[in-house]
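upload-v2.cif, holding mmCIF, N, CA and C atoms:
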data_my_file
loop_
_atom_site.label_atom_id
_atom_site.label_comp_id
_atom_site.auth_asym_id
_atom_site.auth_seq_id
_atom_site.Cartn_x
_atom_site.Cartn_y
_atom_site.Cartn_z
N MET A 1 -98.39 -70.22 -6.75
CA MET A 1 -97.71 -69.93 -5.49
C MET A 1 -96.36 -69.28 -5.80
N SER A 2 -96.08 -68.16 -5.15
CA SER A 2 -94.83 -67.45 -5.40
C SER A 2 -93.65 -68.21 -4.81
N ASN A 3 -92.46 -67.85 -5.27
CA ASN A 3 -91.23 -68.48 -4.74
C ASN A 3 -91.08 -68.20 -3.26
N ARG A 4 -91.42 -66.99 -2.83
CA ARG A 4 -91.31 -66.63 -1.40
C ARG A 4 -92.25 -67.51 -0.58
N SER A 5 -93.47 -67.70 -1.05
CA SER A 5 -94.43 -68.55 -0.32
C SER A 5 -93.94 -69.99 -0.26
N ARG A 6 -93.41 -70.47 -1.38
CA ARG A 6 -92.90 -71.84 -1.43
C ARG A 6 -91.71 -72.01 -0.48
N ASP A 7 -90.82 -71.01 -0.49
CA ASP A 7 -89.65 -71.06 0.41
C ASP A 7 -90.10 -71.06 1.86
N ASN A 8 -91.04 -70.17 2.19
CA ASN A 8 -91.51 -70.10 3.58
C ASN A 8 -92.19 -71.40 4.00
N MET A 9 -92.88 -72.05 3.07
CA MET A 9 -93.51 -73.33 3.40
C MET A 9 -92.43 -74.37 3.71
N GLN A 10 -91.36 -74.39 2.93
CA GLN A 10 -90.26 -75.33 3.18
C GLN A 10 -89.58 -75.01 4.52
N PHE A 11 -89.39 -73.73 4.80
CA PHE A 11 -88.78 -73.33 6.07
C PHE A 11 -89.68 -73.73 7.24
N THR A 12 -90.99 -73.56 7.06
CA THR A 12 -91.95 -73.94 8.11
C THR A 12 -91.86 -75.43 8.39
N VAL A 13 -91.81 -76.24 7.34
CA VAL A 13 -91.69 -77.69 7.50
C VAL A 13 -90.41 -78.04 8.24
N GLU A 14 -89.32 -77.40 7.88
CA GLU A 14 -88.04 -77.69 8.55
C GLU A 14 -88.09 -77.28 10.02
N LEU A 15 -88.69 -76.13 10.31
CA LEU A 15 -88.81 -75.71 11.71
C LEU A 15 -89.67 -76.69 12.50
N MET A 16 -90.72 -77.21 11.88
CA MET A 16 -91.57 -78.18 12.58
C MET A 16 -90.81 -79.49 12.81
N ARG A 17 -89.95 -79.86 11.89
CA ARG A 17 -89.10 -81.05 12.11
C ARG A 17 -88.18 -80.84 13.31
N ARG A 18 -87.79 -79.59 13.51
CA ARG A 18 -86.89 -79.25 14.62
C ARG A 18 -87.63 -78.96 15.92
N GLY A 19 -88.95 -79.10 15.91
CA GLY A 19 -89.69 -78.96 17.16
C GLY A 19 -90.67 -77.81 17.24
N ALA A 20 -90.83 -77.04 16.16
CA ALA A 20 -91.81 -75.94 16.18
C ALA A 20 -93.22 -76.52 16.25
N VAL A 21 -94.12 -75.75 16.84
CA VAL A 21 -95.51 -76.18 17.00
C VAL A 21 -96.41 -75.15 16.31
N MET A 22 -97.39 -75.65 15.53
CA MET A 22 -98.33 -74.76 14.88
C MET A 22 -99.36 -74.29 15.90
N LEU A 23 -99.67 -73.00 15.86
CA LEU A 23 -100.61 -72.42 16.81
C LEU A 23 -102.00 -72.28 16.18
N LYS A 24 -103.04 -72.32 17.03
CA LYS A 24 -104.42 -72.16 16.56
C LYS A 24 -104.69 -70.72 16.15
N GLU A 25 -104.12 -69.78 16.90
CA GLU A 25 -104.40 -68.37 16.68
C GLU A 25 -103.70 -67.88 15.41
N PRO A 26 -104.44 -67.15 14.55
CA PRO A 26 -103.81 -66.58 13.36
C PRO A 26 -102.96 -65.36 13.73
N CYS A 27 -102.08 -64.99 12.83
CA CYS A 27 -101.22 -63.81 13.02
C CYS A 27 -102.11 -62.57 13.14
N PRO A 28 -101.91 -61.75 14.17
CA PRO A 28 -102.71 -60.54 14.32
C PRO A 28 -102.42 -59.49 13.25
N ILE A 29 -101.32 -59.61 12.55
CA ILE A 29 -100.94 -58.63 11.53
C ILE A 29 -101.53 -58.99 10.17
N CYS A 30 -101.34 -60.27 9.76
CA CYS A 30 -101.75 -60.64 8.40
C CYS A 30 -102.73 -61.80 8.35
N ASN A 31 -103.12 -62.31 9.50
CA ASN A 31 -104.05 -63.45 9.59
C ASN A 31 -103.43 -64.76 9.08
N GLY A 32 -102.09 -64.79 8.98
CA GLY A 32 -101.40 -65.99 8.52
C GLY A 32 -101.24 -67.02 9.64
N VAL A 33 -100.71 -68.17 9.28
CA VAL A 33 -100.47 -69.25 10.23
C VAL A 33 -99.25 -68.91 11.08
N GLN A 34 -99.37 -69.15 12.38
CA GLN A 34 -98.26 -68.89 13.30
C GLN A 34 -97.69 -70.21 13.82
N ILE A 35 -96.39 -70.19 14.08
CA ILE A 35 -95.74 -71.32 14.74
C ILE A 35 -94.98 -70.78 15.95
N LYS A 36 -94.74 -71.68 16.90
CA LYS A 36 -93.95 -71.33 18.09
C LYS A 36 -92.69 -72.18 18.04
N TYR A 37 -91.54 -71.51 18.10
CA TYR A 37 -90.26 -72.20 18.03
C TYR A 37 -89.31 -71.58 19.04
N LYS A 38 -88.80 -72.42 19.93
CA LYS A 38 -87.88 -71.99 20.99
C LYS A 38 -88.45 -70.80 21.78
N GLY A 39 -89.74 -70.90 22.11
CA GLY A 39 -90.37 -69.91 22.96
C GLY A 39 -90.81 -68.64 22.26
N LYS A 40 -90.59 -68.53 20.96
CA LYS A 40 -90.97 -67.33 20.22
C LYS A 40 -92.02 -67.68 19.17
N THR A 41 -92.96 -66.78 18.97
CA THR A 41 -94.01 -66.97 17.97
C THR A 41 -93.60 -66.28 16.68
N HIS A 42 -93.78 -67.00 15.56
CA HIS A 42 -93.41 -66.49 14.24
C HIS A 42 -94.57 -66.70 13.27
N CYS A 43 -94.75 -65.75 12.36
CA CYS A 43 -95.76 -65.87 11.32
C CYS A 43 -95.11 -66.51 10.10
N THR A 44 -95.76 -67.56 9.57
CA THR A 44 -95.21 -68.25 8.41
C THR A 44 -95.49 -67.50 7.11
N ALA A 45 -96.35 -66.49 7.18
CA ALA A 45 -96.71 -65.77 5.96
C ALA A 45 -95.82 -64.55 5.70
N HIS A 46 -95.53 -63.77 6.73
CA HIS A 46 -94.81 -62.52 6.46
C HIS A 46 -93.42 -62.42 7.09
N GLU A 47 -93.01 -63.37 7.91
CA GLU A 47 -91.68 -63.29 8.50
C GLU A 47 -90.66 -64.05 7.66
N ASP A 48 -89.39 -63.65 7.79
CA ASP A 48 -88.30 -64.33 7.10
C ASP A 48 -87.85 -65.52 7.96
N LEU A 49 -88.39 -66.68 7.66
CA LEU A 49 -88.10 -67.87 8.46
C LEU A 49 -86.70 -68.42 8.19
N SER A 50 -86.10 -68.05 7.06
CA SER A 50 -84.74 -68.52 6.78
C SER A 50 -83.76 -68.00 7.83
N ARG A 51 -84.03 -66.79 8.33
CA ARG A 51 -83.18 -66.20 9.37
C ARG A 51 -83.18 -67.07 10.62
N ILE A 52 -84.35 -67.59 10.97
CA ILE A 52 -84.48 -68.42 12.17
C ILE A 52 -83.70 -69.71 12.00
N LEU A 53 -83.76 -70.29 10.81
CA LEU A 53 -83.05 -71.54 10.55
C LEU A 53 -81.54 -71.36 10.54
N SER A 54 -81.09 -70.17 10.17
CA SER A 54 -79.65 -69.96 10.06
C SER A 54 -79.00 -69.56 11.37
N GLU A 55 -79.81 -69.26 12.41
CA GLU A 55 -79.25 -68.89 13.70
C GLU A 55 -78.54 -70.08 14.32
N LYS A 56 -77.33 -69.84 14.77
CA LYS A 56 -76.56 -70.90 15.41
C LYS A 56 -76.89 -70.91 16.90
N GLU A 57 -77.16 -72.08 17.40
CA GLU A 57 -77.46 -72.20 18.83
C GLU A 57 -76.15 -72.15 19.61
N VAL A 58 -76.13 -71.32 20.63
CA VAL A 58 -74.95 -71.17 21.47
C VAL A 58 -75.03 -72.20 22.59
N THR A 59 -73.96 -72.94 22.77
CA THR A 59 -73.93 -73.94 23.83
C THR A 59 -72.90 -73.56 24.89
N TYR A 60 -73.05 -74.16 26.06
CA TYR A 60 -72.08 -73.94 27.13
C TYR A 60 -70.68 -74.35 26.67
N GLY A 61 -70.59 -75.45 25.97
CA GLY A 61 -69.29 -75.94 25.49
C GLY A 61 -68.60 -74.94 24.57
N ASP A 62 -69.38 -74.31 23.68
CA ASP A 62 -68.82 -73.31 22.77
C ASP A 62 -68.27 -72.12 23.56
N VAL A 63 -69.07 -71.64 24.50
CA VAL A 63 -68.67 -70.47 25.29
C VAL A 63 -67.46 -70.81 26.16
N ALA A 64 -67.49 -71.99 26.79
CA ALA A 64 -66.38 -72.40 27.66
C ALA A 64 -65.08 -72.53 26.86
N ALA A 65 -65.16 -73.09 25.66
CA ALA A 65 -63.96 -73.25 24.83
C ALA A 65 -63.40 -71.89 24.42
N SER A 66 -64.27 -70.96 24.04
CA SER A 66 -63.82 -69.62 23.67
C SER A 66 -63.21 -68.89 24.86
N LEU A 67 -63.85 -69.04 26.02
CA LEU A 67 -63.33 -68.41 27.23
C LEU A 67 -61.97 -68.97 27.60
N LYS A 68 -61.82 -70.27 27.50
CA LYS A 68 -60.54 -70.91 27.81
C LYS A 68 -59.44 -70.39 26.88
N ASP A 69 -59.72 -70.32 25.58
CA ASP A 69 -58.73 -69.81 24.62
C ASP A 69 -58.35 -68.37 24.92
N MET A 70 -59.35 -67.54 25.23
CA MET A 70 -59.09 -66.13 25.53
C MET A 70 -58.27 -65.99 26.80
N LEU A 71 -58.61 -66.75 27.84
CA LEU A 71 -57.86 -66.67 29.10
C LEU A 71 -56.40 -67.09 28.91
N LEU A 72 -56.19 -68.16 28.17
CA LEU A 72 -54.82 -68.61 27.93
C LEU A 72 -54.02 -67.56 27.16
N SER A 73 -54.65 -66.94 26.19
CA SER A 73 -53.99 -65.89 25.41
C SER A 73 -53.64 -64.69 26.31
N LYS A 74 -54.60 -64.28 27.13
CA LYS A 74 -54.37 -63.14 28.03
C LYS A 74 -53.32 -63.46 29.08
N MET A 75 -53.28 -64.69 29.54
CA MET A 75 -52.26 -65.08 30.52
C MET A 75 -50.87 -65.03 29.89
N LYS A 76 -50.78 -65.46 28.64
CA LYS A 76 -49.48 -65.41 27.95
C LYS A 76 -49.02 -63.95 27.80
N GLU A 77 -49.95 -63.07 27.45
CA GLU A 77 -49.62 -61.64 27.36
C GLU A 77 -49.19 -61.10 28.72
N SER A 78 -49.91 -61.50 29.77
CA SER A 78 -49.60 -61.03 31.12
C SER A 78 -48.23 -61.51 31.57
N MET A 79 -47.87 -62.72 31.20
CA MET A 79 -46.55 -63.26 31.56
C MET A 79 -45.45 -62.42 30.93
N ALA A 80 -45.65 -62.05 29.66
CA ALA A 80 -44.65 -61.22 28.97
C ALA A 80 -44.55 -59.85 29.62
N LEU A 81 -45.69 -59.28 30.00
CA LEU A 81 -45.68 -57.98 30.67
C LEU A 81 -45.03 -58.07 32.05
N LEU A 82 -45.32 -59.13 32.78
CA LEU A 82 -44.76 -59.31 34.11
C LEU A 82 -43.24 -59.41 34.07
N GLU A 83 -42.74 -60.03 33.05
CA GLU A 83 -41.29 -60.22 32.91
C GLU A 83 -40.56 -58.88 32.81
N ILE A 84 -41.17 -57.87 32.21
CA ILE A 84 -40.49 -56.58 32.03
C ILE A 84 -40.97 -55.50 32.98
N GLU A 85 -42.03 -55.80 33.74
CA GLU A 85 -42.62 -54.78 34.63
C GLU A 85 -41.73 -54.54 35.85
N LYS A 86 -41.50 -53.26 36.17
CA LYS A 86 -40.67 -52.88 37.32
C LYS A 86 -41.51 -52.44 38.51
N ASP A 87 -42.71 -51.93 38.24
CA ASP A 87 -43.59 -51.39 39.29
C ASP A 87 -44.23 -52.56 40.06
N PRO A 88 -43.97 -52.65 41.39
CA PRO A 88 -44.51 -53.74 42.18
C PRO A 88 -46.04 -53.79 42.21
N VAL A 89 -46.68 -52.63 42.14
CA VAL A 89 -48.15 -52.59 42.15
C VAL A 89 -48.69 -53.23 40.87
N LYS A 90 -48.09 -52.90 39.76
CA LYS A 90 -48.53 -53.48 38.48
C LYS A 90 -48.18 -54.97 38.42
N GLN A 91 -47.05 -55.33 39.00
CA GLN A 91 -46.70 -56.76 39.07
C GLN A 91 -47.76 -57.53 39.85
N ASP A 92 -48.19 -56.95 40.97
CA ASP A 92 -49.21 -57.58 41.80
C ASP A 92 -50.53 -57.71 41.03
N GLN A 93 -50.89 -56.69 40.28
CA GLN A 93 -52.12 -56.75 39.49
C GLN A 93 -52.05 -57.86 38.44
N LEU A 94 -50.91 -57.98 37.79
CA LEU A 94 -50.74 -59.02 36.79
C LEU A 94 -50.81 -60.41 37.42
N ILE A 95 -50.16 -60.57 38.56
CA ILE A 95 -50.17 -61.86 39.25
C ILE A 95 -51.58 -62.20 39.73
N THR A 96 -52.29 -61.22 40.25
CA THR A 96 -53.67 -61.43 40.69
C THR A 96 -54.54 -61.87 39.52
N PHE A 97 -54.41 -61.19 38.38
CA PHE A 97 -55.17 -61.56 37.20
C PHE A 97 -54.86 -63.00 36.78
N MET A 98 -53.58 -63.34 36.76
CA MET A 98 -53.20 -64.70 36.34
C MET A 98 -53.72 -65.75 37.31
N ALA A 99 -53.68 -65.45 38.61
CA ALA A 99 -54.19 -66.40 39.61
C ALA A 99 -55.69 -66.62 39.43
N LYS A 100 -56.43 -65.53 39.21
CA LYS A 100 -57.87 -65.66 38.97
C LYS A 100 -58.15 -66.42 37.68
N SER A 101 -57.32 -66.21 36.69
CA SER A 101 -57.48 -66.92 35.41
C SER A 101 -57.25 -68.42 35.59
N VAL A 102 -56.23 -68.77 36.37
CA VAL A 102 -55.96 -70.19 36.64
C VAL A 102 -57.14 -70.82 37.38
N ASP A 103 -57.68 -70.10 38.35
CA ASP A 103 -58.85 -70.61 39.09
C ASP A 103 -60.03 -70.85 38.14
N LEU A 104 -60.28 -69.89 37.27
CA LEU A 104 -61.38 -70.02 36.32
C LEU A 104 -61.14 -71.16 35.34
N LEU A 105 -59.91 -71.30 34.88
CA LEU A 105 -59.59 -72.42 33.98
C LEU A 105 -59.81 -73.76 34.68
N ASN A 106 -59.42 -73.85 35.94
CA ASN A 106 -59.65 -75.09 36.70
C ASN A 106 -61.13 -75.39 36.85
N LYS A 107 -61.94 -74.35 37.08
CA LYS A 107 -63.39 -74.54 37.18
C LYS A 107 -63.99 -74.98 35.85
N LEU A 108 -63.50 -74.42 34.77
CA LEU A 108 -63.97 -74.84 33.45
C LEU A 108 -63.63 -76.30 33.18
N GLU A 109 -62.42 -76.69 33.54
CA GLU A 109 -61.98 -78.08 33.36
C GLU A 109 -62.83 -79.03 34.20
N ALA A 110 -63.09 -78.63 35.44
CA ALA A 110 -63.90 -79.46 36.34
C ALA A 110 -65.32 -79.61 35.79
N ALA A 111 -65.87 -78.52 35.28
CA ALA A 111 -67.23 -78.58 34.71
C ALA A 111 -67.25 -79.46 33.47
N ALA A 112 -66.19 -79.41 32.67
CA ALA A 112 -66.13 -80.24 31.46
C ALA A 112 -66.04 -81.72 31.83
N LYS A 113 -65.31 -82.03 32.88
CA LYS A 113 -65.19 -83.44 33.32
C LYS A 113 -66.48 -83.94 33.96
N GLY A 114 -67.22 -83.02 34.59
CA GLY A 114 -68.48 -83.39 35.23
C GLY A 114 -69.60 -83.64 34.26
N SER A 115 -69.48 -83.13 33.03
CA SER A 115 -70.55 -83.30 32.05
C SER A 115 -70.52 -84.65 31.38
#
Kindly transcribe the structure held in the file into structure tokens.
Amino acid sequence: MSNRSRDNMQFTVELMRRGAVMLKEPCPICNGVQIKYKGKTHCTAHEDLSRILSEKEVTYGDVAASLKDMLLSKMKESMALLEIEKDPVKQDQLITFMAKSVDLLNKLEAAAKGS
């Protein structure tokens, strides 16, 4: 058995531990064994299963935390711009952006407390 075959067998076992299901139907390309993992069908013979194992699952918490950090950073930038801005139209745009950002931050906080 080649190293690639041995590696793919180990990756297949790990995917099955994580919830993958072996399918009855063989791969239409190479006639190999197929598994279904997270709604996608993969061939254990010719696909790179290590790629599937290395994919990081994105969660709401991860996205919400990144969004919160970005909004706070942008609000800080907007505050600095507002302090030196003379044009009332641009001041209004900055204030509107900051108000919407505060609303979104409050919604993120509420969602985090509700979970």
- Task: Quick one: apply the PyMOL selection byres ((chain A and resi 11-21) around 8) to the file and drop the selected residues here as a list in words.
- Result: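 Selection result, ordered by chain and number: Ser5, Arg6, Asp7, Asn8, Met9, Gln10, Met22, Leu23, Lys24, Gln34, Ile35, Lys36, Tyr37, Lys38, Thr44, Leu49, Ser50, Ile52 and Leu53 of chain A.
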Could the residues in this selection be written to a file with N, CA and C atoms, as an mmCIF file, keeping the file's coordinate frame?
data_model
loop_
_atom_site.group_PDB
_atom_site.id
_atom_site.type_symbol
_atom_site.label_atom_id
_atom_site.label_comp_id
_atom_site.auth_asym_id
_atom_site.auth_seq_id
_atom_site.Cartn_x
_atom_site.Cartn_y
_atom_site.Cartn_z
ATOM 1 N N SER A 5 -93.470 -67.700 -1.050
ATOM 2 C CA SER A 5 -94.430 -68.550 -0.320
ATOM 3 C C SER A 5 -93.940 -69.990 -0.260
ATOM 4 N N ARG A 6 -93.410 -70.470 -1.380
ATOM 5 C CA ARG A 6 -92.900 -71.840 -1.430
ATOM 6 C C ARG A 6 -91.710 -72.010 -0.480
ATOM 7 N N ASP A 7 -90.820 -71.010 -0.490
ATOM 8 C CA ASP A 7 -89.650 -71.060 0.410
ATOM 9 C C ASP A 7 -90.100 -71.060 1.860
ATOM 10 N N ASN A 8 -91.040 -70.170 2.190
ATOM 11 C CA ASN A 8 -91.510 -70.100 3.580
ATOM 12 C C ASN A 8 -92.190 -71.400 4.000
ATOM 13 N N MET A 9 -92.880 -72.050 3.070
ATOM 14 C CA MET A 9 -93.510 -73.330 3.400
ATOM 15 C C MET A 9 -92.430 -74.370 3.710
ATOM 16 N N GLN A 10 -91.360 -74.390 2.930
ATOM 17 C CA GLN A 10 -90.260 -75.330 3.180
ATOM 18 C C GLN A 10 -89.580 -75.010 4.520
ATOM 19 N N MET A 22 -97.390 -75.650 15.530
ATOM 20 C CA MET A 22 -98.330 -74.760 14.880
ATOM 21 C C MET A 22 -99.360 -74.290 15.900
ATOM 22 N N LEU A 23 -99.670 -73.000 15.860
ATOM 23 C CA LEU A 23 -100.610 -72.420 16.810
ATOM 24 C C LEU A 23 -102.000 -72.280 16.180
ATOM 25 N N LYS A 24 -103.040 -72.320 17.030
ATOM 26 C CA LYS A 24 -104.420 -72.160 16.560
ATOM 27 C C LYS A 24 -104.690 -70.720 16.150
ATOM 28 N N GLN A 34 -99.370 -69.150 12.380
ATOM 29 C CA GLN A 34 -98.260 -68.890 13.300
ATOM 30 C C GLN A 34 -97.690 -70.210 13.820
ATOM 31 N N ILE A 35 -96.390 -70.190 14.080
ATOM 32 C CA ILE A 35 -95.740 -71.320 14.740
ATOM 33 C C ILE A 35 -94.980 -70.780 15.950
ATOM 34 N N LYS A 36 -94.740 -71.680 16.900
ATOM 35 C CA LYS A 36 -93.950 -71.330 18.090
ATOM 36 C C LYS A 36 -92.690 -72.180 18.040
ATOM 37 N N TYR A 37 -91.540 -71.510 18.100
ATOM 38 C CA TYR A 37 -90.260 -72.200 18.030
ATOM 39 C C TYR A 37 -89.310 -71.580 19.040
ATOM 40 N N LYS A 38 -88.800 -72.420 19.930
ATOM 41 C CA LYS A 38 -87.880 -71.990 20.990
ATOM 42 C C LYS A 38 -88.450 -70.800 21.780
ATOM 43 N N THR A 44 -95.760 -67.560 9.570
ATOM 44 C CA THR A 44 -95.210 -68.250 8.410
ATOM 45 C C THR A 44 -95.490 -67.500 7.110
ATOM 46 N N LEU A 49 -88.390 -66.680 7.660
ATOM 47 C CA LEU A 49 -88.100 -67.870 8.460
ATOM 48 C C LEU A 49 -86.700 -68.420 8.190
ATOM 49 N N SER A 50 -86.100 -68.050 7.060
ATOM 50 C CA SER A 50 -84.740 -68.520 6.780
ATOM 51 C C SER A 50 -83.760 -68.000 7.830
ATOM 52 N N ILE A 52 -84.350 -67.590 10.970
ATOM 53 C CA ILE A 52 -84.480 -68.420 12.170
ATOM 54 C C ILE A 52 -83.700 -69.710 12.000
ATOM 55 N N LEU A 53 -83.760 -70.290 10.810
ATOM 56 C CA LEU A 53 -83.050 -71.540 10.550
ATOM 57 C C LEU A 53 -81.540 -71.360 10.540
#
- Using only C-alpha atoms, which residues sit within 9 Å of segment 88-96 of chain A once same-chain residues fewer than 5 positions away are excluded, as number ranges by chain? A: 75, 78-79, 81-83, 101
- Going by DSSP on the backbone, which bits of segment 2-114 of chain A are strand (DSSP E)? Write them as a list in words, please.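 Across segment 2-114 of chain A, those assigned strand (DSSP E) are Val21, Met22, Gln34, Ile35, Lys36, Tyr37, Lys40, Thr41, His42 and Cys43 of chain A.
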- Message: Just the number, please: distance in Å from atom C of Gly61 of chain A to atom C of Lys107 of chain A, one decimal.
- Response: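 Atom C of Lys107 of chain A lies 12.2 Å from atom C of Gly61 of chain A.
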- Message: Given all atoms listed in the file as the basis, pick out the residue of A:Thr41, A:Met98, A:Ala112, A:Glu55 nearest to Lys74 of chain A.
- Response: A:Met98
- Item | Interatomic distance, atom C of Ala110 of chain A to atom N of Tyr60 of chain A (Å, one decimal) | 13.6 Å
- At what distance in Å, to one decimal, does atom CA of Ala45 of chain A lie from atom CA of Asn31 of chain A?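 If I compute the distance from atom CA of Asn31 of chain A to atom CA of Ala45 of chain A, I get 8.5 Å.
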- Name the residues of chain A that fall into alpha helix (DSSP H) according to DSSP on the backbone, using the chain letters and numbers of this document, as a PyMOL selection string. chain A and resi 3-17+49-54+60-84+88-114
Axis-aligned box for segment 64-81 of chain A, 3 Å per side, centre and edges in Å as JSON:
{"center_x": -56.0, "center_y": -65.6, "center_z": 27.9, "size_x": 28.9, "size_y": 21.3, "size_z": 14.4}
- Within 12 Å of Leu72 of chain A, counting only C-alpha atoms, which residues show up once you throw out same-chain ones fewer than 2 positions away? Write them as a list in words, please.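 The filter keeps Ala65, Ser66, Leu67, Lys68, Asp69, Met70, Lys74, Met75, Lys76, Glu77, Ser78, Met79, Phe97, Met98, Ala99, Lys100, Ser101, Val102, Leu104, Leu105 and Asn106 of chain A.
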Any chance you can output those residues with N, CA and C atoms as a compact mmCIF listing (two decimals), in the frame of the given file?
# COMPACT_ATOMS: atom_id res chain seq x y z
N ALA A 65 -65.16 -73.09 25.66
CA ALA A 65 -63.96 -73.25 24.83
C ALA A 65 -63.40 -71.89 24.42
N SER A 66 -64.27 -70.96 24.04
CA SER A 66 -63.82 -69.62 23.67
C SER A 66 -63.21 -68.89 24.86
N LEU A 67 -63.85 -69.04 26.02
CA LEU A 67 -63.33 -68.41 27.23
C LEU A 67 -61.97 -68.97 27.60
N LYS A 68 -61.82 -70.27 27.50
CA LYS A 68 -60.54 -70.91 27.81
C LYS A 68 -59.44 -70.39 26.88
N ASP A 69 -59.72 -70.32 25.58
CA ASP A 69 -58.73 -69.81 24.62
C ASP A 69 -58.35 -68.37 24.92
N MET A 70 -59.35 -67.54 25.23
CA MET A 70 -59.09 -66.13 25.53
C MET A 70 -58.27 -65.99 26.80
N LYS A 74 -54.60 -64.28 27.13
CA LYS A 74 -54.37 -63.14 28.03
C LYS A 74 -53.32 -63.46 29.08
N MET A 75 -53.28 -64.69 29.54
CA MET A 75 -52.26 -65.08 30.52
C MET A 75 -50.87 -65.03 29.89
N LYS A 76 -50.78 -65.46 28.64
CA LYS A 76 -49.48 -65.41 27.95
C LYS A 76 -49.02 -63.95 27.80
N GLU A 77 -49.95 -63.07 27.45
CA GLU A 77 -49.62 -61.64 27.36
C GLU A 77 -49.19 -61.10 28.72
N SER A 78 -49.91 -61.50 29.77
CA SER A 78 -49.60 -61.03 31.12
C SER A 78 -48.23 -61.51 31.57
N MET A 79 -47.87 -62.72 31.20
CA MET A 79 -46.55 -63.26 31.56
C MET A 79 -45.45 -62.42 30.93
N PHE A 97 -54.41 -61.19 38.38
CA PHE A 97 -55.17 -61.56 37.20
C PHE A 97 -54.86 -63.00 36.78
N MET A 98 -53.58 -63.34 36.76
CA MET A 98 -53.20 -64.70 36.34
C MET A 98 -53.72 -65.75 37.31
N ALA A 99 -53.68 -65.45 38.61
CA ALA A 99 -54.19 -66.40 39.61
C ALA A 99 -55.69 -66.62 39.43
N LYS A 100 -56.43 -65.53 39.21
CA LYS A 100 -57.87 -65.66 38.97
C LYS A 100 -58.15 -66.42 37.68
N SER A 101 -57.32 -66.21 36.69
CA SER A 101 -57.48 -66.92 35.41
C SER A 101 -57.25 -68.42 35.59
N VAL A 102 -56.23 -68.77 36.37
CA VAL A 102 -55.96 -70.19 36.64
C VAL A 102 -57.14 -70.82 37.38
N LEU A 104 -60.28 -69.89 37.27
CA LEU A 104 -61.38 -70.02 36.32
C LEU A 104 -61.14 -71.16 35.34
N LEU A 105 -59.91 -71.30 34.88
CA LEU A 105 -59.59 -72.42 33.98
C LEU A 105 -59.81 -73.76 34.68
N ASN A 106 -59.42 -73.85 35.94
CA ASN A 106 -59.65 -75.09 36.70
C ASN A 106 -61.13 -75.39 36.85
- Task: Find the spatial neighbours of Cys30 of chain A, counting only C-alpha atoms, within a cut-off of 12 Å - ignore same-chain residues fewer than 2 positions away - and output them as a list in words.
- Result: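 The residues satisfying every condition are Glu25, Pro26, Cys27, Pro28, Gly32, Val33, Gln34, His42, Cys43, Thr44, Ala45, His46 and Glu47 of chain A.
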